[in-house]
$ cat input_17.csv   # CSV, C-alpha atoms and all ligand atoms
chain,number,residue,atom,x,y,z
A,1,MET,CA,24.7,40.0,-46.3
A,2,ALA,CA,24.3,39.0,-49.9
A,3,ALA,CA,23.4,42.0,-51.9
A,4,VAL,CA,20.4,41.8,-54.2
A,5,THR,CA,22.7,42.7,-57.1
A,6,THR,CA,25.0,39.8,-56.3
A,7,LEU,CA,22.1,37.4,-56.2
A,8,LEU,CA,20.8,38.6,-59.5
A,9,GLU,CA,24.2,38.5,-61.0
A,10,ALA,CA,24.4,34.8,-60.2
A,11,ILE,CA,21.4,34.1,-62.4
A,12,SER,CA,22.2,36.6,-65.1
A,13,GLY,CA,23.2,33.8,-67.5
A,14,THR,CA,20.2,31.6,-67.0
A,15,GLY,CA,17.6,31.6,-69.7
A,16,ARG,CA,19.1,34.3,-71.9
A,17,ASP,CA,17.3,34.4,-75.2
A,18,PRO,CA,19.8,34.9,-78.1
A,19,VAL,CA,17.0,35.6,-80.6
A,20,ARG,CA,14.6,37.9,-78.8
A,21,GLY,CA,17.2,39.4,-76.4
A,22,GLY,CA,16.6,39.4,-72.6
A,23,TYR,CA,15.3,36.3,-70.9
A,24,THR,CA,12.9,33.5,-71.8
A,25,ARG,CA,12.2,31.4,-68.8
A,26,PRO,CA,8.9,29.6,-69.3
A,27,VAL,CA,7.6,27.6,-66.3
A,28,PHE,CA,9.1,24.1,-65.9
A,29,SER,CA,11.7,24.8,-68.7
A,30,THR,CA,15.3,24.1,-68.0
A,31,ALA,CA,15.9,27.8,-67.3
A,32,GLU,CA,13.0,28.1,-64.8
A,33,THR,CA,13.9,24.8,-63.2
A,34,ASP,CA,17.5,25.9,-62.8
A,35,LEU,CA,16.3,29.1,-61.2
A,36,ARG,CA,14.2,27.1,-58.8
A,37,SER,CA,17.3,25.0,-57.9
A,38,TRP,CA,19.3,28.2,-57.4
A,39,PHE,CA,16.6,29.6,-55.1
A,40,THR,CA,16.5,26.3,-53.1
A,41,ALA,CA,20.3,26.3,-52.7
A,42,GLU,CA,20.2,30.0,-51.6
A,43,ALA,CA,17.4,29.3,-49.1
A,44,VAL,CA,19.1,26.2,-47.7
A,45,ALA,CA,22.4,28.1,-47.3
A,46,ARG,CA,20.4,30.5,-45.1
A,47,GLY,CA,19.1,27.6,-43.0
A,48,LEU,CA,15.6,27.9,-44.4
A,49,GLY,CA,13.5,24.7,-44.9
A,50,VAL,CA,12.3,24.3,-48.5
A,51,GLU,CA,9.3,22.4,-49.6
A,52,THR,CA,7.2,22.3,-52.8
A,53,ASP,CA,3.4,22.3,-52.3
A,54,ARG,CA,1.0,20.3,-54.5
A,55,ASN,CA,0.6,23.2,-56.9
A,56,GLY,CA,4.3,23.6,-57.5
A,57,ILE,CA,4.8,26.6,-55.3
A,58,LEU,CA,8.1,26.7,-53.5
A,59,TRP,CA,8.1,27.7,-49.8
A,60,ALA,CA,11.3,28.5,-47.9
A,61,TRP,CA,10.6,28.6,-44.2
A,62,TRP,CA,12.5,30.7,-41.6
A,63,GLY,CA,11.0,29.0,-38.6
A,64,GLU,CA,8.6,26.0,-38.7
A,65,PRO,CA,5.8,25.9,-41.3
A,66,GLN,CA,2.7,27.3,-39.4
A,67,LYS,CA,-0.7,28.8,-39.9
A,68,GLY,CA,-0.8,32.6,-40.2
A,69,ALA,CA,2.8,33.1,-41.2
A,70,LEU,CA,4.2,36.1,-42.8
A,71,VAL,CA,4.9,35.4,-46.5
A,72,THR,CA,6.8,37.2,-49.1
A,73,GLY,CA,7.6,36.1,-52.7
A,74,SER,CA,7.2,36.5,-56.4
A,75,HIS,CA,8.0,34.4,-59.5
A,76,LEU,CA,11.0,33.2,-61.6
A,77,ASP,CA,9.3,32.6,-64.9
A,78,SER,CA,9.3,35.3,-67.5
A,79,VAL,CA,7.6,36.6,-70.6
A,80,PRO,CA,9.3,35.7,-73.9
A,81,GLY,CA,12.3,38.0,-74.2
A,82,GLY,CA,11.6,39.6,-70.8
A,83,GLY,CA,13.8,41.7,-68.5
A,84,ALA,CA,16.0,40.6,-65.6
A,85,PHE,CA,13.9,42.0,-62.8
A,86,ASP,CA,10.2,41.1,-63.3
A,87,GLY,CA,9.9,38.3,-60.7
A,88,PRO,CA,13.5,37.6,-59.8
A,89,LEU,CA,13.9,41.0,-58.1
A,90,GLY,CA,11.2,40.1,-55.5
A,91,ILE,CA,12.8,36.7,-54.9
A,92,ALA,CA,16.4,38.1,-54.6
A,93,ALA,CA,15.1,40.9,-52.3
A,94,ALA,CA,13.3,38.4,-50.1
A,95,LEU,CA,16.4,36.2,-49.7
A,96,ALA,CA,18.5,39.3,-48.9
A,97,ALA,CA,15.9,40.7,-46.6
A,98,VAL,CA,16.1,37.5,-44.5
A,99,ASP,CA,19.9,38.2,-44.2
A,100,VAL,CA,19.1,41.8,-43.1
A,101,LEU,CA,16.6,40.7,-40.5
A,102,LYS,CA,19.0,38.1,-39.1
A,103,GLU,CA,21.8,40.7,-39.0
A,104,ARG,CA,19.4,43.1,-37.1
A,105,GLY,CA,18.8,40.3,-34.6
A,106,VAL,CA,15.0,40.6,-35.2
A,107,GLN,CA,13.0,38.5,-32.8
A,108,ARG,CA,10.2,36.7,-34.8
A,109,ASN,CA,6.7,36.3,-33.3
A,110,ARG,CA,5.8,34.1,-36.2
A,111,SER,CA,7.5,32.2,-39.1
A,112,LEU,CA,8.4,33.9,-42.3
A,113,ALA,CA,8.2,32.1,-45.7
A,114,ILE,CA,9.5,33.0,-49.1
A,115,THR,CA,7.3,31.7,-51.9
A,116,VAL,CA,8.1,31.2,-55.6
A,117,PHE,CA,5.0,31.0,-57.7
A,118,PRO,CA,5.0,29.0,-61.0
A,119,GLU,CA,3.6,30.4,-64.3
A,120,GLU,CA,3.0,33.9,-63.1
A,121,GLU,CA,3.3,35.3,-66.7
A,122,GLY,CA,1.1,32.6,-68.3
A,123,SER,CA,3.7,32.6,-71.1
A,124,ARG,CA,3.7,28.9,-71.5
A,125,PHE,CA,0.1,27.7,-70.7
A,126,GLY,CA,-1.8,30.9,-71.4
A,127,VAL,CA,-3.2,31.6,-67.9
A,128,ALA,CA,-1.4,34.2,-65.9
A,129,CYS,CA,-0.8,33.6,-62.2
A,130,LEU,CA,-1.6,29.9,-62.6
A,131,GLY,CA,0.1,28.8,-59.4
A,132,SER,CA,-1.8,31.3,-57.2
A,133,ARG,CA,-5.0,30.6,-59.1
A,134,LEU,CA,-4.7,26.9,-58.3
A,135,LEU,CA,-3.8,27.6,-54.7
A,136,THR,CA,-6.8,29.8,-54.2
A,137,GLY,CA,-9.2,27.7,-56.3
A,138,ALA,CA,-9.6,30.5,-58.9
A,139,ILE,CA,-9.2,28.0,-61.7
A,140,ASP,CA,-10.7,24.6,-62.1
A,141,PRO,CA,-8.0,22.0,-61.7
A,142,ASP,CA,-9.3,20.0,-64.6
A,143,ARG,CA,-9.1,23.1,-66.9
A,144,ALA,CA,-5.5,23.7,-65.7
A,145,ARG,CA,-4.5,20.1,-66.3
A,146,ASN,CA,-5.7,20.4,-69.9
A,147,LEU,CA,-4.1,23.7,-70.8
A,148,ARG,CA,-1.6,23.1,-73.6
A,149,ASP,CA,1.6,24.9,-74.5
A,150,ASP,CA,2.6,25.7,-78.1
A,151,GLY,CA,4.1,22.3,-78.6
A,152,GLY,CA,0.9,20.5,-77.5
A,153,THR,CA,2.2,19.5,-74.0
A,154,THR,CA,-0.5,19.6,-71.4
A,155,PHE,CA,0.1,21.3,-68.0
A,156,ALA,CA,-0.6,17.9,-66.5
A,157,ASP,CA,2.3,16.3,-68.4
A,158,ALA,CA,4.6,19.3,-67.8
A,159,ALA,CA,3.8,19.3,-64.1
A,160,ARG,CA,4.4,15.5,-63.9
A,161,ALA,CA,7.7,15.9,-65.6
A,162,ALA,CA,8.6,18.6,-63.0
A,163,GLY,CA,7.9,16.1,-60.2
A,164,LEU,CA,4.3,17.1,-59.3
A,165,ASP,CA,1.3,14.8,-59.2
A,166,PRO,CA,-1.2,16.6,-61.5
A,167,GLU,CA,-4.1,14.8,-59.8
A,168,HIS,CA,-3.4,16.8,-56.7
A,169,ILE,CA,-3.3,20.3,-58.0
A,170,GLY,CA,-6.1,22.7,-56.9
A,171,ARG,CA,-7.3,24.8,-54.0
A,172,ASP,CA,-5.0,24.0,-51.0
A,173,GLU,CA,-6.7,25.1,-47.7
A,174,ASP,CA,-3.7,24.1,-45.6
A,175,ALA,CA,-1.2,26.2,-47.7
A,176,LEU,CA,-3.6,29.1,-47.8
A,177,ALA,CA,-4.1,29.0,-44.0
A,178,ARG,CA,-0.3,29.4,-43.7
A,179,ILE,CA,-0.5,32.9,-45.3
A,180,GLY,CA,-1.3,35.3,-42.5
A,181,ASP,CA,-0.1,38.3,-44.6
A,182,PHE,CA,1.5,38.3,-48.1
A,183,VAL,CA,3.8,41.0,-49.3
A,184,GLU,CA,5.3,40.9,-52.9
A,185,LEU,CA,8.2,43.2,-53.9
A,186,HIS,CA,8.3,43.9,-57.6
A,187,VAL,CA,10.0,46.1,-60.2
A,188,ALA,CA,7.8,49.0,-61.0
A,189,GLN,CA,6.2,48.6,-64.5
A,190,GLY,CA,5.5,52.1,-65.6
A,191,ARG,CA,6.9,55.5,-64.7
A,192,GLY,CA,5.0,55.9,-61.5
A,193,LEU,CA,8.2,56.4,-59.4
A,194,GLY,CA,9.9,58.8,-61.9
A,195,GLU,CA,13.6,59.1,-62.1
A,196,ASP,CA,14.4,61.3,-59.1
A,197,GLY,CA,11.8,60.4,-56.5
A,198,PRO,CA,11.9,57.8,-53.8
A,199,ALA,CA,13.3,54.3,-54.7
A,200,VAL,CA,10.2,52.4,-53.5
A,201,ALA,CA,6.4,52.7,-53.4
A,202,GLY,CA,3.6,50.9,-51.8
A,203,GLY,CA,0.9,49.3,-53.9
A,204,SER,CA,-2.8,50.2,-53.6
A,205,SER,CA,-4.5,48.2,-56.3
A,206,ILE,CA,-4.1,46.2,-59.5
A,207,LEU,CA,-6.1,47.0,-62.7
A,208,GLY,CA,-8.6,44.4,-63.7
A,209,HIS,CA,-7.4,42.5,-66.7
A,210,GLY,CA,-8.1,39.4,-68.8
A,211,ARG,CA,-7.0,37.5,-71.9
A,212,TRP,CA,-9.1,36.4,-74.8
A,213,LYS,CA,-8.4,34.4,-77.9
A,214,LEU,CA,-9.8,35.4,-81.2
A,215,THR,CA,-9.8,32.8,-83.9
A,216,VAL,CA,-10.4,34.0,-87.5
A,217,GLN,CA,-11.4,31.2,-89.8
A,218,GLY,CA,-10.9,31.7,-93.6
A,219,GLN,CA,-10.1,29.6,-96.6
A,220,GLY,CA,-6.5,28.3,-97.0
A,221,ASN,CA,-5.4,28.6,-100.6
A,222,HIS,CA,-2.6,29.2,-103.1
A,223,ALA,CA,-0.9,32.7,-103.0
A,224,GLY,CA,-0.3,32.6,-106.8
A,225,THR,CA,-3.4,31.1,-108.2
A,226,THR,CA,-6.1,32.7,-106.1
A,227,LEU,CA,-7.4,36.0,-107.5
A,228,MET,CA,-7.7,38.8,-105.1
A,229,GLU,CA,-11.4,38.9,-105.4
A,230,ASP,CA,-11.7,35.2,-104.7
A,231,ARG,CA,-10.0,35.3,-101.3
A,232,GLU,CA,-11.3,34.6,-97.8
A,233,ASP,CA,-8.0,35.6,-96.1
A,234,PRO,CA,-8.1,35.6,-92.3
A,235,MET,CA,-4.8,37.6,-92.2
A,236,VAL,CA,-6.5,40.5,-93.9
A,237,ALA,CA,-9.3,40.3,-91.4
A,238,ALA,CA,-6.9,39.9,-88.5
A,239,ALA,CA,-4.9,43.1,-89.5
A,240,GLN,CA,-8.2,45.1,-89.4
A,241,ILE,CA,-9.2,43.5,-86.1
A,242,ILE,CA,-5.9,44.6,-84.5
A,243,THR,CA,-6.6,48.2,-85.7
A,244,ALA,CA,-10.1,47.9,-84.3
A,245,VAL,CA,-8.7,46.8,-80.9
A,246,GLN,CA,-6.5,49.9,-80.7
A,247,GLN,CA,-9.4,52.2,-81.7
A,248,ALA,CA,-11.9,50.7,-79.3
A,249,ALA,CA,-9.5,51.0,-76.3
A,250,ALA,CA,-8.4,54.5,-77.3
A,251,ALA,CA,-12.1,55.5,-77.2
A,252,LEU,CA,-12.6,54.3,-73.7
A,253,PRO,CA,-10.8,56.4,-71.1
A,254,GLY,CA,-8.6,54.4,-68.8
A,255,ALA,CA,-8.7,51.3,-71.0
A,256,ARG,CA,-5.7,49.3,-72.3
A,257,ALA,CA,-6.0,46.7,-75.0
A,258,THR,CA,-3.2,44.8,-76.7
A,259,VAL,CA,-2.7,42.2,-79.4
A,260,GLY,CA,0.9,41.0,-78.6
A,261,ARG,CA,0.7,37.6,-80.1
A,262,ILE,CA,-0.6,36.3,-83.5
A,263,GLN,CA,-0.3,33.0,-85.2
A,264,ALA,CA,-1.2,32.3,-88.9
A,265,VAL,CA,-2.0,28.6,-89.6
A,266,PRO,CA,-0.3,27.0,-91.5
A,267,GLY,CA,2.1,29.9,-91.8
A,268,GLY,CA,3.7,29.9,-95.2
A,269,THR,CA,4.9,32.8,-97.3
A,270,ASN,CA,3.1,31.5,-100.4
A,271,VAL,CA,0.1,30.2,-98.5
A,272,ILE,CA,-3.1,32.2,-97.8
A,273,ALA,CA,-3.7,31.2,-94.2
A,274,SER,CA,-6.7,29.1,-93.3
A,275,ARG,CA,-6.9,30.4,-89.8
A,276,VAL,CA,-5.4,33.1,-87.7
A,277,GLU,CA,-5.3,33.1,-83.9
A,278,LEU,CA,-4.8,36.4,-82.0
A,279,TRP,CA,-4.6,36.9,-78.3
A,280,LEU,CA,-6.2,40.0,-76.8
A,281,ASP,CA,-5.1,41.4,-73.4
A,282,ALA,CA,-7.7,44.0,-72.2
A,283,ARG,CA,-7.6,46.0,-68.9
A,284,HIS,CA,-9.8,48.6,-67.2
A,285,GLU,CA,-10.3,49.6,-63.6
A,286,GLU,CA,-14.0,48.9,-63.9
A,287,ASP,CA,-14.5,45.2,-64.7
A,288,ALA,CA,-17.9,45.9,-66.3
A,289,LEU,CA,-16.2,48.3,-68.7
A,290,THR,CA,-13.6,45.7,-69.6
A,291,ALA,CA,-16.4,43.3,-70.5
A,292,GLN,CA,-18.1,46.0,-72.5
A,293,LEU,CA,-14.8,46.8,-74.3
A,294,VAL,CA,-14.3,43.1,-75.2
A,295,GLU,CA,-17.9,42.9,-76.5
A,296,THR,CA,-17.3,46.0,-78.7
A,297,ILE,CA,-14.2,44.4,-80.1
A,298,HIS,CA,-16.0,41.2,-80.7
A,299,GLY,CA,-18.8,43.0,-82.6
A,300,LYS,CA,-16.3,44.9,-84.7
A,301,ALA,CA,-14.3,41.7,-85.4
A,302,GLN,CA,-17.4,39.9,-86.5
A,303,LYS,CA,-18.3,42.6,-89.0
A,304,ILE,CA,-14.7,42.7,-90.3
A,305,ALA,CA,-14.5,39.0,-90.6
A,306,ALA,CA,-17.8,38.8,-92.5
A,307,PHE,CA,-16.7,41.5,-94.9
A,308,GLU,CA,-13.6,39.4,-95.7
A,309,GLY,CA,-15.6,36.2,-96.2
A,310,CYS,CA,-14.3,34.8,-92.9
A,311,SER,CA,-15.8,34.1,-89.4
A,312,VAL,CA,-14.5,34.8,-86.0
A,313,THR,CA,-14.9,33.3,-82.5
A,314,LEU,CA,-13.9,34.8,-79.2
A,315,ALA,CA,-13.0,32.7,-76.1
A,316,GLN,CA,-12.0,34.1,-72.6
A,317,GLU,CA,-8.8,32.5,-71.3
A,318,SER,CA,-8.5,34.2,-68.0
A,319,PHE,CA,-9.9,37.2,-66.0
A,320,SER,CA,-8.7,38.9,-62.9
A,321,PRO,CA,-11.0,41.6,-61.4
A,322,THR,CA,-9.5,44.8,-60.2
A,323,ALA,CA,-7.9,44.0,-56.8
A,324,THR,CA,-7.5,46.3,-53.9
A,325,PHE,CA,-4.7,45.6,-51.4
A,326,ASP,CA,-5.5,45.2,-47.7
A,327,PRO,CA,-6.0,48.6,-46.0
A,328,GLY,CA,-4.3,47.4,-42.8
A,329,LEU,CA,-1.3,46.1,-44.6
A,330,GLN,CA,-1.1,49.3,-46.7
A,331,ARG,CA,-1.0,51.3,-43.4
A,332,GLN,CA,1.8,49.0,-42.1
A,333,LEU,CA,3.7,49.6,-45.3
A,334,GLN,CA,3.3,53.4,-44.9
A,335,LEU,CA,4.6,53.1,-41.3
A,336,ALA,CA,7.6,51.1,-42.4
A,337,LEU,CA,8.3,53.2,-45.5
A,338,PRO,CA,7.1,56.7,-44.7
A,339,GLN,CA,8.7,58.3,-47.8
A,340,ALA,CA,7.1,55.8,-50.1
A,341,PRO,CA,4.2,57.1,-52.3
A,342,VAL,CA,1.3,54.7,-52.9
A,343,LEU,CA,0.8,53.6,-56.5
A,344,ALA,CA,-1.9,51.7,-58.4
A,345,THR,CA,-0.5,49.3,-61.0
A,346,GLY,CA,-1.7,48.2,-64.4
A,347,ALA,CA,0.3,44.9,-64.2
A,348,GLY,CA,-1.0,41.7,-62.7
A,349,HIS,CA,0.6,39.9,-59.8
A,350,ASP,CA,0.1,36.8,-57.7
A,351,ALA,CA,-0.5,39.3,-54.8
A,352,GLY,CA,-3.6,40.4,-56.7
A,353,ILE,CA,-4.9,36.8,-56.9
A,354,LEU,CA,-4.2,36.2,-53.2
A,355,ALA,CA,-5.7,39.6,-52.2
A,356,GLY,CA,-9.2,38.1,-52.5
A,357,GLN,CA,-8.4,35.5,-49.8
A,358,VAL,CA,-5.7,36.8,-47.5
A,359,PRO,CA,-4.3,40.3,-46.5
A,360,ALA,CA,-1.9,41.1,-49.4
A,361,GLY,CA,0.2,44.1,-50.3
A,362,MET,CA,3.0,45.1,-52.6
A,363,VAL,CA,6.2,47.2,-52.7
A,364,PHE,CA,7.4,48.6,-56.0
A,365,VAL,CA,11.0,49.4,-56.8
A,366,ARG,CA,11.9,52.4,-59.1
A,367,ASN,CA,12.4,51.6,-62.8
A,368,PRO,CA,13.6,54.8,-64.4
A,369,SER,CA,12.2,54.3,-67.9
A,370,GLY,CA,9.2,52.4,-66.8
A,371,ILE,CA,9.9,49.9,-69.5
A,372,SER,CA,9.0,46.3,-68.6
A,373,HIS,CA,8.3,43.0,-70.4
A,374,SER,CA,11.3,44.0,-72.5
A,375,PRO,CA,15.1,43.4,-72.3
A,376,GLN,CA,15.3,47.1,-71.6
A,377,GLU,CA,13.6,46.7,-68.2
A,378,TYR,CA,16.0,48.4,-65.7
A,379,VAL,CA,16.6,49.0,-62.0
A,380,GLU,CA,19.6,50.9,-60.7
A,381,ASP,CA,22.0,48.8,-58.6
A,382,ALA,CA,21.6,51.0,-55.6
A,383,ASP,CA,17.8,50.7,-55.8
A,384,ALA,CA,18.0,46.9,-56.2
A,385,ASP,CA,20.3,46.6,-53.1
A,386,TYR,CA,18.1,49.1,-51.1
A,387,SER,CA,15.0,47.0,-51.9
A,388,ALA,CA,16.2,44.4,-49.5
A,389,GLN,CA,16.4,47.0,-46.7
A,390,ALA,CA,13.0,48.3,-47.6
A,391,LEU,CA,11.5,44.9,-47.7
A,392,ALA,CA,13.2,44.0,-44.4
A,393,ASP,CA,11.7,47.2,-42.9
A,394,VAL,CA,8.2,46.1,-43.9
A,395,LEU,CA,8.6,42.5,-42.8
A,396,GLU,CA,10.2,43.5,-39.5
A,397,GLY,CA,7.1,45.6,-38.6
A,398,LEU,CA,4.9,42.5,-39.4
A,399,LEU,CA,7.0,39.8,-37.8
A,401,LIG,O1,0.7,40.5,-67.4
A,401,LIG,C1,0.9,41.1,-66.4
A,401,LIG,O2,0.3,42.1,-66.1
A,401,LIG,C2,2.0,40.6,-65.5
A,401,LIG,O3,3.2,41.3,-65.7
A,401,LIG,N1,2.0,39.3,-65.3
A,402,MN,MN,6.0,39.9,-62.4
A,403,MN,MN,5.4,40.4,-65.9

$ encode --input "input_17.csv" --output "structure tokens" --more "lines below"
Ligand code: HGY
Ligand code: MN
Ligand code: MN
Amino acid sequence: MAAVTTLLEAISGTGRDPVRGGYTRPVFSTAETDLRSWFTAEAVARGLGVETDRNGILWAWWGEPQKGALVTGSHLDSVPGGGAFDGPLGIAAALAAVDVLKERGVQRNRSLAITVFPEEEGSRFGVACLGSRLLTGAIDPDRARNLRDDGGTTFADAARAAGLDPEHIGRDEDALARIGDFVELHVAQGRGLGEDGPAVAGGSSILGHGRWKLTVQGQGNHAGTTLMEDREDPMVAAAQIITAVQQAAAALPGARATVGRIQAVPGGTNVIASRVELWLDARHEEDALTAQLVETIHGKAQKIAAFEGCSVTLAQESFSPTATFDPGLQRQLQLALPQAPVLATGAGHDAGILAGQVPAGMVFVRNPSGISHSPQEYVEDADADYSAQALADVLEGLL
């Protein structure tokens, strides 16, 4: 059996980011494409039949493709400067779990597929879980085709370059019908499992979350010749808006709000920016309160911008309501992993998008510091290797 650590070691050099540290593996980049090739080779070596569906999701089949199959999977793309486990752990554990199930001589009552979802992080085209959103029809294909990355490349062009036909992306009834149950194994993102507790947990729900873009418009001008009282500086407004985001979220129990990305246009040291774009990530268990929080932030941003002689617009880029995992599947997970606690998570996953359409569940693997979306994301070797056994236990009970 190939250990999960051995599988992860094989991709440890792929997509390393020398500037940010960690890994930068945007969808359809050389790094992510190399990882997809690695996955395909590992799946083929196990006798699995690999196909790519019309939304760019990889499927590796143990048994014939069929309706109502058991499906497990995750993603191989990363955030900029991400860790080694967010996504790849679930893929490596799935490959190794197939080895475990074969070694156990498990008799299948249905086929098992491993899926790799593209653009889970939304790091390149802005919309998280783009592959599963397309599969389930949660995003309009036209909107998806026209999403642009920072270099101006559309998703349609990137998909075409990756060998897909962008005219054929969108809800895929046949592919969806193949998912009888979906289980995603993932590194825990947060300290829910502590340092000394059990190595794995079952998932109960995913916090509702969304992304919004705030555009602050000002007057571009010269840094040396423009008097302080004459400025309409969107950077000054943006700085106050970021503080307002923090304050608004802190005032709402259970809320999380982040500005993790900001861009000044044109972006010169001696240039007063003409425009600043900032991206807001906001989350709350109650979707109505997330909407209220964003409205509050928008109102504050408008006042701040006006005071600085600027204007601001807000546009929603994506939203995922709070998702609850299938109760039947949760019970199966408890039966297979009786020591595992059940955790809610604040992180989004393809399993959350699928949960609205098919029975979906998750298994989380201990991350001692809880740090994620950072090069410091960490899983003990023993826990990574055990994750294949734990996933195999869950899958065996469902096969
Ligand atoms: O953004 C998220 O919550 C996830 O890690 N994709
Ligand atoms: Mn992930
Ligand atoms: Mn992530």

$ residues_near_ligand --input "input_17.csv" --ligand "ligand MN 402 (chain A)" --cutoff "8 Å" --atoms "all atoms listed in the file" --output "ChimeraX atom specification"
/A:74-75,78,86-87,120-121,186-187,347-349

$ closest_atom_pairs --input "input_17.csv" --of "region 91-200 of chain A" --to "region 352-360 of chain A" --cutoff "6 Å" --atoms "only C-alpha atoms" --output "tab-separated table"
residue	atom	partner	partner_atom	distance
A:Asp181	CA	A:Pro359	CA	5.0
A:Phe182	CA	A:Ala360	CA	4.6
A:Val183	CA	A:Ala360	CA	5.7

$ closest_residue --input "input_17.csv" --among "A:Gly192, A:Pro26, A:Gly56, A:Gly268" --to "ligand MN 403 (chain A)" --atoms "all atoms listed in the file"
A:Pro26

$ closest_residue --input "input_17.csv" --among "A:Ala201, A:Ile57, A:Ile241, A:Ile272" --to "Leu164 (chain A)" --atoms "all atoms listed in the file"
A:Ile57

$ atom_distance --input "input_17.csv" --atom1 "CA of Gln217 (chain A)" --atom2 "CA of Gly152 (chain A)"
20.4 Å

$ closest_residue --input "input_17.csv" --among "A:Asp385, A:Glu103, A:Glu51, A:Asp350" --to "ligand MN 403 (chain A)" --atoms "all atoms listed in the file"
A:Asp350

$ residues_around --input "input_17.csv" --residues "Thr324 (chain A)" --least-positions-apart "5" --cutoff "7 Å" --atoms "only C-alpha atoms" --output "number ranges by chain"
A: 204-206

$ write_last_selection --input "input_17.csv" --atoms "C-alpha atoms" --output "PDB file, in the coordinates of the input"
ATOM      1  CA  SER A 204      -2.800  50.200 -53.600  1.00  0.00           C
ATOM      2  CA  SER A 205      -4.500  48.200 -56.300  1.00  0.00           C
ATOM      3  CA  ILE A 206      -4.100  46.200 -59.500  1.00  0.00           C
TER       4      ILE A 206
END

$ atom_distance --input "input_17.csv" --atom1 "CA of Tyr23 (chain A)" --atom2 "CA of Thr136 (chain A)"
28.5 Å

$ closest_residue --input "input_17.csv" --among "A:Ala156, A:Ile242, A:Asp172, A:Pro375" --to "Val259 (chain A)" --atoms "only C-alpha atoms"
A:Ile242

$ closest_residue --input "input_17.csv" --among "A:Asn270, A:Thr6, A:Gln240, A:Thr33" --to "Ala92 (chain A)" --atoms "all atoms listed in the file"
A:Thr6

$ closest_atom_pairs --input "input_17.csv" --of "region 264-338 of chain A" --to "region 361-374 of chain A" --cutoff "8 Å" --atoms "only C-alpha atoms" --output "JSON lines"
{"residue": "A:Phe325", "atom": "CA", "partner": "A:Gly361", "partner_atom": "CA", "distance": 5.2}
{"residue": "A:Asp326", "atom": "CA", "partner": "A:Gly361", "partner_atom": "CA", "distance": 6.4}
{"residue": "A:Leu329", "atom": "CA", "partner": "A:Gly361", "partner_atom": "CA", "distance": 6.2}
{"residue": "A:Gln330", "atom": "CA", "partner": "A:Gly361", "partner_atom": "CA", "distance": 6.5}

$ residues_near_point --input "input_17.csv" --point "(6.6, 35.1, -50.7)" --cutoff "7 Å" --atoms "only C-alpha atoms" --output "list in words"
Val71, Thr72, Gly73, Ser74, Ala113, Ile114, Thr115, Val116, Phe182, Val183 and Glu184 of chain A

$ residues_around --input "input_17.csv" --residues "Val44 (chain A)" --least-positions-apart "3" --cutoff "12 Å" --atoms "only C-alpha atoms" --output "VMD selection string"
chain A and resid 37 to 41 47 to 51 59 to 62 95 114

$ atom_distance --input "input_17.csv" --atom1 "CA of Ala69 (chain A)" --atom2 "CA of Gly180 (chain A)"
4.8 Å

$ residues_around --input "input_17.csv" --residues "Gly81 (chain A)" --least-positions-apart "3" --cutoff "10 Å" --atoms "only C-alpha atoms" --output "PyMOL selection string"
chain A and resi 15-25+78+84+373-376
